[in-house]
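Participant: Take a look at the following structure, please.
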Amino acid sequence: MTADGFSDDTGALERVSARATGAPVEWEADVVLRDGTVAHVRPISPDDAEGIRHFHSRQSAESIYLRFFAPLRELSERDVHRFTHVDHHDRVALVATLDGEIIGIGRYDRIDPGSAEVAFNISDHYQGKGIGSVMLEHLAAIAQEMGINRFVAEVLPQNRKMLTVFKEAGYEVTHHIEDGVVEVSFDISPTEQSKAVQLSREHRAESRSMHTILFPERVAIIGASRRAESIGALVMRNILEAGFQGELYPIHRVADQIQGVPAYPSIHDVPHPVDLAIVVVPAAQAVDVVKDCGKAGVKALLVLSAGFAEAGEEGVRLQEKLRRRVRRAGMRIVGPNSFGIVNNDPSVRLNATLATVIPEKGRLGLFAQSGALGVAVLASAARRGLGISVFASAGNRVDVSGNDLMQYWIDDQETDTVGLYLESMGNPRKFSRIARHLATVKPVIVVSSGVSSFAAPPGHRTRVTNVPPQAFRALLRQAGVIRVENVHQLFDVAQLTLHQPLPKGDRVAIVGNSDALGALSASACLSWGLKVTHGPVSLQPQASAEEFAAALDAAFADPEVDSVVAAFIPPLVTPDEDVHEAVRNIVADHEKPCVATFLGMRGVGDGLSYEQHGQRRSVPAYSMPEDGIRALNAVTRYAQWRQRDRGTQVSPVGIDRLRAERLLEGYLAGYPEGRALTREETRELLGAYGIRVWPAVEVTDATSAVAAADELTYPVILKSTSPIVRHQPGLVGVRGDLVDAESVRDAHASLSERLGPLGADRFVVQRMAVPGVSCVIRASEDPLFGPVVSFSVAGPPTELLGDVAHRIPPLTDVDVTDLIDGVKAAPLLGGHRGAAPVHRAALSDLVARLSVLADDHPELASVELNPVNAWTGGVDVLGAEVVVRPALVRKDPGRRRMT
């Protein structure tokens with residue numbers, strides 16, 4: 001242990017706490033409170049006895065009476081022992097701490113198998129921060145794990161704050177008054193309303209914490225230096241030159257002033273509370289600096305210092321100490337190894353980066369992880385003349401990530417488009433959830449270079465993943481995110497979304513003055529799946545400005561056109577400026593998007609500015625038509641996503657979650673590494689979710705095969721389960737249409753002779769299914785993504801071509817449809833070449849059931865339904881395999897927690 005009580009080992013504090021209490025480690029969580037500060041929630045421990053006494057002694061007489069219904073000024077030894085000693089099953093208690101001090105207590109005591117009495121006690125000094133709501137949320141999630149589905153509470157009528165916590169949680173609350181006490185009761189199973197309340201609170205809290213970072217009134221620079229070439233001097237100079245509107249406090253042990261600004265020996269000497277401390281000291285000193293900042297009441301940190309996890313094992317340990325110290329003090333932190341943050345809002349004007357030149361104020365929000373990419377992103381934006389609202393670099397992303405910035409941008413009225421450069425991802429499920437919310441109101445453009453393989457850069461905290469790159473791309477599509485390949489394409493798309501309306505469809509007009517450019521543009525549109533419904537129109541080389549305007553106006557006015565592509569080369573007669581003016585005037589008269597190429601023409605830059613409805617807009621100009629059309633396609637697909645019905649979350653009937661939980665608990669007993677389920681166990685588990693697996697009887701000889709066939713009724717099939725022949729093309733190990741005992745014996749003899757010793761004793765007998773399309777539906781639990789559901793058509797499309805679609809639960813009915821239609825072999829399901837179409841509703845229901853099963857139970861390492869016979873009358877699950885293992889701790893559980 002270190003002097004502040006932390007272990008130097010990564011995650012050791014959480015493991016030690018979990019071992020000390022005997023409670024699951026996943027019950028611990030750091031959470032962002034309503035005011036943007038951070039609290040730690042953990043199970044209570046016998047070691048908390050003194051902390052409980054101290055907590056109680058600071059409570060007002062009113063708070064004590066409201067909690068205990070009596071003026072209990074001191075807790076007895078018996079009370080303290082009862083409060084701090086729980087079994088973490090029938091009696092559970094959590095505490096919320098800030099800087100080691102208990103600021104809230106929540107507990108439940110089981111009163112019968114399905115219900116428990118719940119109670120809370122929140123510090124008078126931390127009222128109004130949403131601690132009670134957090135405790136209720138966490139206790140409810142734990143109680144459900146323990147088979148409890150209802151909470152009851154006794155509350156005095158004057159305890160309005162606690163009654164409000166219950167009322168506003170989104171549950172259906174019933175209450176009545178008896179003997180002067182309000183008895184409250186409510187079902188704690190998640191509802192759409194309770195989940196919406198939880199996500200709304202998480203959004204507001206995390207957005208608020210980002211506002212504190214981005215809108216500081218008082219900034220301290222710890223590591224400010226008189227050496228002009230130092231990083232501390234550079235960042236201070238950039239802040240001053242940007243015209244920061246708040247108060248700046250350089251921290252230096254001996255200097256009276258730095259760059260003309262009065263300096264202070266330490267953060268404790270600053271005369272006013274500091275909102276944001278910028279840390280540029282060597283890594284070895286950073287932990288002590290953070291400790292001082294916490295004691296001084298600093299709200300947030302920006303750590304530009306390098307030398308942490310990116311520098312090796314010692315740096316990893318140092319970075320973890322930094323993270324825990326920041327969390328303990330209730331602060332948020334950007335970095336370490338961050339390139340900095342920018343806020344161009346006139347009320348702030350903060351350039352706390354290492355970049356001497358930043359883009360002007362605009363409506364593009366940017367996020368990048370590493371410093372090097374921060375330089376590239378800012379430079380590219382400035383070069384294109386794209387103004388930015390906010391920029392942030394997460395560096396090693398020990399805390400603040402792109403998820404936090406997206407939470408802020410959801411409500412930010414100064415940002416119209418968001419661009420993210422992601423090198424790794426720590427919490428894909430949460431990213432998908434927040435990005436989907438953000439994308440419904442403004443475009444989100446993601447450069448995912450490096451994320452597809454999830455090889456995290458040095459210093460980034462993340463987990464390994466087993467999912468293919470297609471799964472990550474599917475996650476982005478589900479969330480409505482525009483995925484691009486590089487920074488160049490990011491700004492190609494941003495130019496269009498910032499300055500042009502969204503297309504209402506995928507129909508395109510092409511207007512130009514070059515047959516070659518017109519043909520090139522048409523080819524590019526077709527390759528991207530856009531429909532050319534007007535043109536290509538090619539004007540004559542000697543065309544006048546009026547002819548240019550008339551051709552463009554006709555294209556825009558065509559009701560069969562949703563977007564216009566203008567591709568021009570220098571005309572022979574008309575000056576370039578006249579063509580530019582014609583384009584400006586026509587575009588300004590219409591509400592359809594336009595992308596342009598002015599090949600070899602002067603005075604265009606990255607666009608032609610014009611005014612429309614009192615706003616400055618621009619026709620984005622691209623170096624070649626293909627660039628503009630690629631951007632137009634991306635924006636068109638995004639606009640279609642926004643126009644689509646999102647669907648409703650699937651919730652199949654006939655699901656017995658409690659039975660499945662009990663079965664899994666029994667299957668895992670005595671198997672700490674997990675195991676594959678037997679055929680009967682698999683049928684039993686899947687049956688709890690309404691998934692019926694056809695029986696298949698294992699046989700060892702012809703006699704047992706005939707007996708099995710007689711039991712199942714004819715016709716039957718005999719198939720080998722040998723892994724050697726199982727995945728070979730064709731029906732190498734199968735004999736079907738066996739209608740009597742003689743045909744079963746002949747099939748057994750034939751297969752035994754053909755397969756030899758490698759497969760002769762590995763057979764099952766099963767009823768013969770009607771002809772249909774054989775499909776494969778899988779679900780797997782990934783350490784990073786959590787559950788991933790996959791669909792494919794069995795055989796060569798899956799095994800040779802990798803034609804597999806993926807989605808991340810929870811799924812909506814629209815997601816299920818997209819998953820099934822997401823494979824290239826999907827036409828086989830609709831009646832290919834005269835075949836009867838499959839029962840899509842039954843197939844969708846099966847996918848939905850598997851997705852809910854996987855989402856509910858992280859103990860399911862993998863579930864494979866193979867083959868699934870889809871036919872006109874329904875679907876038949878002919879085979880299934882399940883592997884279980886102790887549950888992984890999911891990155892985005894059913895309760896608020898920071899990662």
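Chain labels A, B, ... are given in the sequence in which chains occur in the structure tokens; within each chain residues are numbered consecutively from 1, and ligands are likewise numbered from 1 in the order shown.
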Taking the DSSP secondary structure from the backbone, can you list the residues of segment 464-685 of chain A that are strand (DSSP E or B), as a PyMOL selection string?
Facilitator: chain A and resi 482-484+507-512+531-538+563-568+594-598+607-612+615-621+649+675-676
Participant: Show which residues sit within 7 Å of segment 41-53 of chain A, as number ranges by chain. Count only C-alpha atoms, and ignore same-chain residues fewer than 5 positions away.
Facilitator: A: 21, 23, 27-30, 75, 80, 84-85, 93-97, 102
Participant: Any idea what's packed within 8 Å of segment 591-595 of chain A, counting only C-alpha atoms, ignoring anything in its chain fewer than 3 positions away? Could you give it as a list in words?
Facilitator: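 Once the adjacent positions are removed, what remains is Leu496, Gln500, Pro501, Leu502, Pro503, Phe556, Asp562, Ser563, Val564, Val565, Ala566, Val587, Ala588, Val619, Pro620, Ala621, Tyr622, Gly628, Ile629 and Leu632 of chain A.
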Participant: Write the residues of the selection above to a file with all heavy atoms, as a tab-separated table (two decimals), in the first residue's frame.
Facilitator:
chain	number	residue	atom	x	y	z
A	496	LEU	N	-20.10	19.12	-45.97
A	496	LEU	CA	-21.45	18.97	-46.51
A	496	LEU	C	-22.51	19.10	-45.41
A	496	LEU	O	-23.51	19.82	-45.58
A	496	LEU	CB	-21.56	17.61	-47.21
A	496	LEU	CG	-22.86	17.28	-47.93
A	496	LEU	CD1	-23.24	18.38	-48.92
A	496	LEU	CD2	-22.73	15.94	-48.66
A	500	GLN	N	-24.94	22.36	-45.90
A	500	GLN	CA	-26.01	22.02	-46.82
A	500	GLN	C	-27.11	21.25	-46.09
A	500	GLN	O	-26.85	20.58	-45.08
A	500	GLN	CB	-25.48	21.15	-47.97
A	500	GLN	CG	-24.50	21.88	-48.89
A	500	GLN	CD	-25.19	22.91	-49.76
A	500	GLN	OE1	-25.98	22.59	-50.65
A	500	GLN	NE2	-24.90	24.18	-49.50
A	501	PRO	N	-28.36	21.34	-46.56
A	501	PRO	CA	-29.44	20.56	-45.94
A	501	PRO	C	-29.24	19.07	-46.19
A	501	PRO	O	-28.53	18.66	-47.13
A	501	PRO	CB	-30.69	21.10	-46.63
A	501	PRO	CG	-30.21	21.62	-47.95
A	501	PRO	CD	-28.83	22.17	-47.70
A	502	LEU	N	-29.87	18.26	-45.39
A	502	LEU	CA	-29.79	16.81	-45.60
A	502	LEU	C	-30.64	16.41	-46.80
A	502	LEU	O	-31.73	16.95	-47.02
A	502	LEU	CB	-30.28	16.07	-44.36
A	502	LEU	CG	-29.43	16.20	-43.09
A	502	LEU	CD1	-30.10	15.45	-41.93
A	502	LEU	CD2	-28.02	15.66	-43.31
A	503	PRO	N	-30.18	15.44	-47.59
A	503	PRO	CA	-30.98	14.97	-48.73
A	503	PRO	C	-32.25	14.28	-48.24
A	503	PRO	O	-32.26	13.63	-47.20
A	503	PRO	CB	-30.05	13.97	-49.43
A	503	PRO	CG	-28.69	14.16	-48.84
A	503	PRO	CD	-28.90	14.72	-47.48
A	556	PHE	N	-32.31	21.42	-59.92
A	556	PHE	CA	-32.84	21.60	-58.57
A	556	PHE	C	-34.37	21.54	-58.56
A	556	PHE	O	-34.97	21.04	-57.60
A	556	PHE	CB	-32.39	22.95	-58.00
A	556	PHE	CG	-31.04	22.91	-57.36
A	556	PHE	CD1	-29.93	23.43	-58.00
A	556	PHE	CD2	-30.87	22.35	-56.10
A	556	PHE	CE1	-28.67	23.41	-57.42
A	556	PHE	CE2	-29.62	22.32	-55.50
A	556	PHE	CZ	-28.51	22.84	-56.15
A	562	ASP	N	-33.14	14.69	-55.49
A	562	ASP	CA	-32.95	15.00	-54.08
A	562	ASP	C	-31.64	15.74	-53.82
A	562	ASP	O	-31.53	16.47	-52.83
A	562	ASP	CB	-32.96	13.73	-53.24
A	562	ASP	CG	-34.25	12.95	-53.39
A	562	ASP	OD1	-35.31	13.54	-53.15
A	562	ASP	OD2	-34.19	11.76	-53.78
A	563	SER	N	-30.63	15.55	-54.67
A	563	SER	CA	-29.33	16.20	-54.52
A	563	SER	C	-28.77	16.51	-55.90
A	563	SER	O	-29.12	15.85	-56.88
A	563	SER	CB	-28.34	15.30	-53.76
A	563	SER	OG	-28.85	14.87	-52.53
A	564	VAL	N	-27.88	17.50	-55.92
A	564	VAL	CA	-27.29	17.91	-57.20
A	564	VAL	C	-25.78	17.83	-57.11
A	564	VAL	O	-25.17	18.30	-56.13
A	564	VAL	CB	-27.73	19.34	-57.58
A	564	VAL	CG1	-27.00	19.81	-58.84
A	564	VAL	CG2	-29.24	19.41	-57.77
A	565	VAL	N	-25.17	17.25	-58.15
A	565	VAL	CA	-23.72	17.22	-58.30
A	565	VAL	C	-23.37	18.16	-59.45
A	565	VAL	O	-23.84	17.99	-60.58
A	565	VAL	CB	-23.21	15.80	-58.61
A	565	VAL	CG1	-21.71	15.82	-58.89
A	565	VAL	CG2	-23.53	14.86	-57.46
A	566	ALA	N	-22.55	19.17	-59.16
A	566	ALA	CA	-22.09	20.13	-60.17
A	566	ALA	C	-20.61	19.90	-60.40
A	566	ALA	O	-19.82	19.97	-59.46
A	566	ALA	CB	-22.36	21.55	-59.72
A	587	VAL	N	-28.17	27.77	-55.94
A	587	VAL	CA	-28.21	26.94	-54.72
A	587	VAL	C	-28.96	27.68	-53.61
A	587	VAL	O	-29.73	27.06	-52.87
A	587	VAL	CB	-26.77	26.59	-54.27
A	587	VAL	CG1	-26.80	25.88	-52.91
A	587	VAL	CG2	-26.09	25.69	-55.30
A	588	ALA	N	-28.74	28.98	-53.52
A	588	ALA	CA	-29.40	29.76	-52.46
A	588	ALA	C	-30.91	29.79	-52.62
A	588	ALA	O	-31.64	30.01	-51.65
A	588	ALA	CB	-28.85	31.18	-52.44
A	619	VAL	N	-21.36	26.16	-50.64
A	619	VAL	CA	-21.39	24.98	-51.51
A	619	VAL	C	-20.03	24.30	-51.39
A	619	VAL	O	-19.01	24.87	-51.80
A	619	VAL	CB	-21.64	25.37	-52.98
A	619	VAL	CG1	-21.66	24.12	-53.86
A	619	VAL	CG2	-22.93	26.15	-53.13
A	620	PRO	N	-19.95	23.12	-50.79
A	620	PRO	CA	-18.64	22.49	-50.62
A	620	PRO	C	-18.03	22.11	-51.96
A	620	PRO	O	-18.71	21.55	-52.83
A	620	PRO	CB	-18.95	21.25	-49.77
A	620	PRO	CG	-20.39	20.97	-49.99
A	620	PRO	CD	-21.04	22.30	-50.23
A	621	ALA	N	-16.77	22.46	-52.13
A	621	ALA	CA	-16.07	22.17	-53.38
A	621	ALA	C	-15.01	21.11	-53.12
A	621	ALA	O	-14.24	21.20	-52.16
A	621	ALA	CB	-15.42	23.45	-53.92
A	622	TYR	N	-14.97	20.10	-53.99
A	622	TYR	CA	-14.06	18.97	-53.83
A	622	TYR	C	-13.10	18.91	-55.01
A	622	TYR	O	-13.43	19.33	-56.12
A	622	TYR	CB	-14.85	17.66	-53.71
A	622	TYR	CG	-15.79	17.65	-52.53
A	622	TYR	CD1	-17.10	18.12	-52.67
A	622	TYR	CD2	-15.38	17.21	-51.29
A	622	TYR	CE1	-17.98	18.13	-51.59
A	622	TYR	CE2	-16.24	17.21	-50.20
A	622	TYR	CZ	-17.54	17.67	-50.36
A	622	TYR	OH	-18.39	17.69	-49.29
A	628	GLY	N	-16.64	14.29	-53.58
A	628	GLY	CA	-17.91	14.88	-53.22
A	628	GLY	C	-19.04	13.86	-53.22
A	628	GLY	O	-19.92	13.89	-52.35
A	629	ILE	N	-19.02	12.95	-54.17
A	629	ILE	CA	-20.09	11.95	-54.26
A	629	ILE	C	-19.98	10.94	-53.13
A	629	ILE	O	-20.99	10.48	-52.59
A	629	ILE	CB	-20.06	11.28	-55.64
A	629	ILE	CG1	-20.47	12.32	-56.70
A	629	ILE	CG2	-20.97	10.05	-55.68
A	629	ILE	CD1	-20.20	11.89	-58.12
A	632	LEU	N	-21.45	12.72	-50.32
A	632	LEU	CA	-22.90	12.82	-50.52
A	632	LEU	C	-23.58	11.49	-50.20
A	632	LEU	O	-24.64	11.45	-49.57
A	632	LEU	CB	-23.20	13.23	-51.96
A	632	LEU	CG	-24.69	13.34	-52.34
A	632	LEU	CD1	-25.37	14.40	-51.49
A	632	LEU	CD2	-24.84	13.63	-53.83
Participant: Using only C-alpha atoms, which residues sit within 8 Å of Pro886 of chain A once same-chain residues fewer than 4 positions away are excluded, as a PDB file with N, CA and C atoms, in the first residue's frame?
Facilitator:
ATOM      1  N   LEU A 668     -23.010 -24.068 -13.723  1.00  0.00           N
ATOM      2  CA  LEU A 668     -21.661 -23.565 -13.436  1.00  0.00           C
ATOM      3  C   LEU A 668     -21.111 -24.055 -12.097  1.00  0.00           C
ATOM      4  N   PRO A 672     -15.353 -23.585 -12.408  1.00  0.00           N
ATOM      5  CA  PRO A 672     -14.892 -22.187 -12.395  1.00  0.00           C
ATOM      6  C   PRO A 672     -14.394 -21.698 -13.753  1.00  0.00           C
ATOM      7  N   GLU A 673     -14.013 -22.613 -14.641  1.00  0.00           N
ATOM      8  CA  GLU A 673     -13.547 -22.217 -15.978  1.00  0.00           C
ATOM      9  C   GLU A 673     -14.652 -22.313 -17.023  1.00  0.00           C
ATOM     10  N   GLY A 674     -15.836 -22.778 -16.602  1.00  0.00           N
ATOM     11  CA  GLY A 674     -16.927 -22.927 -17.543  1.00  0.00           C
ATOM     12  C   GLY A 674     -16.895 -24.269 -18.236  1.00  0.00           C
ATOM     13  N   GLU A 859     -23.306 -14.977 -18.528  1.00  0.00           N
ATOM     14  CA  GLU A 859     -22.668 -16.288 -18.328  1.00  0.00           C
ATOM     15  C   GLU A 859     -22.620 -17.103 -19.617  1.00  0.00           C
TER      16      GLU A 859
END
Participant: If you measure from atom CA of Glu684 of chain A to atom CA of Leu846 of chain A, what distance in Å do you get, rounded to one decimal?
Facilitator: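 Taking atom CA of Glu684 of chain A as the start and atom CA of Leu846 of chain A as the end point, the length is 16.0 Å.
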Participant: Which of these residues is nearest to Ser780 of chain A, using only C-alpha atoms: A:Cys525, A:Met236, A:Val561, A:Ala471?
Facilitator: A:Ala471
Participant: In terms of the shortest atom-to-atom distance over only C-alpha atoms, which of A:Glu168, A:Asp124, A:Asp821, A:Asp288 is closest to Ser266 of chain A?
Facilitator: A:Asp288
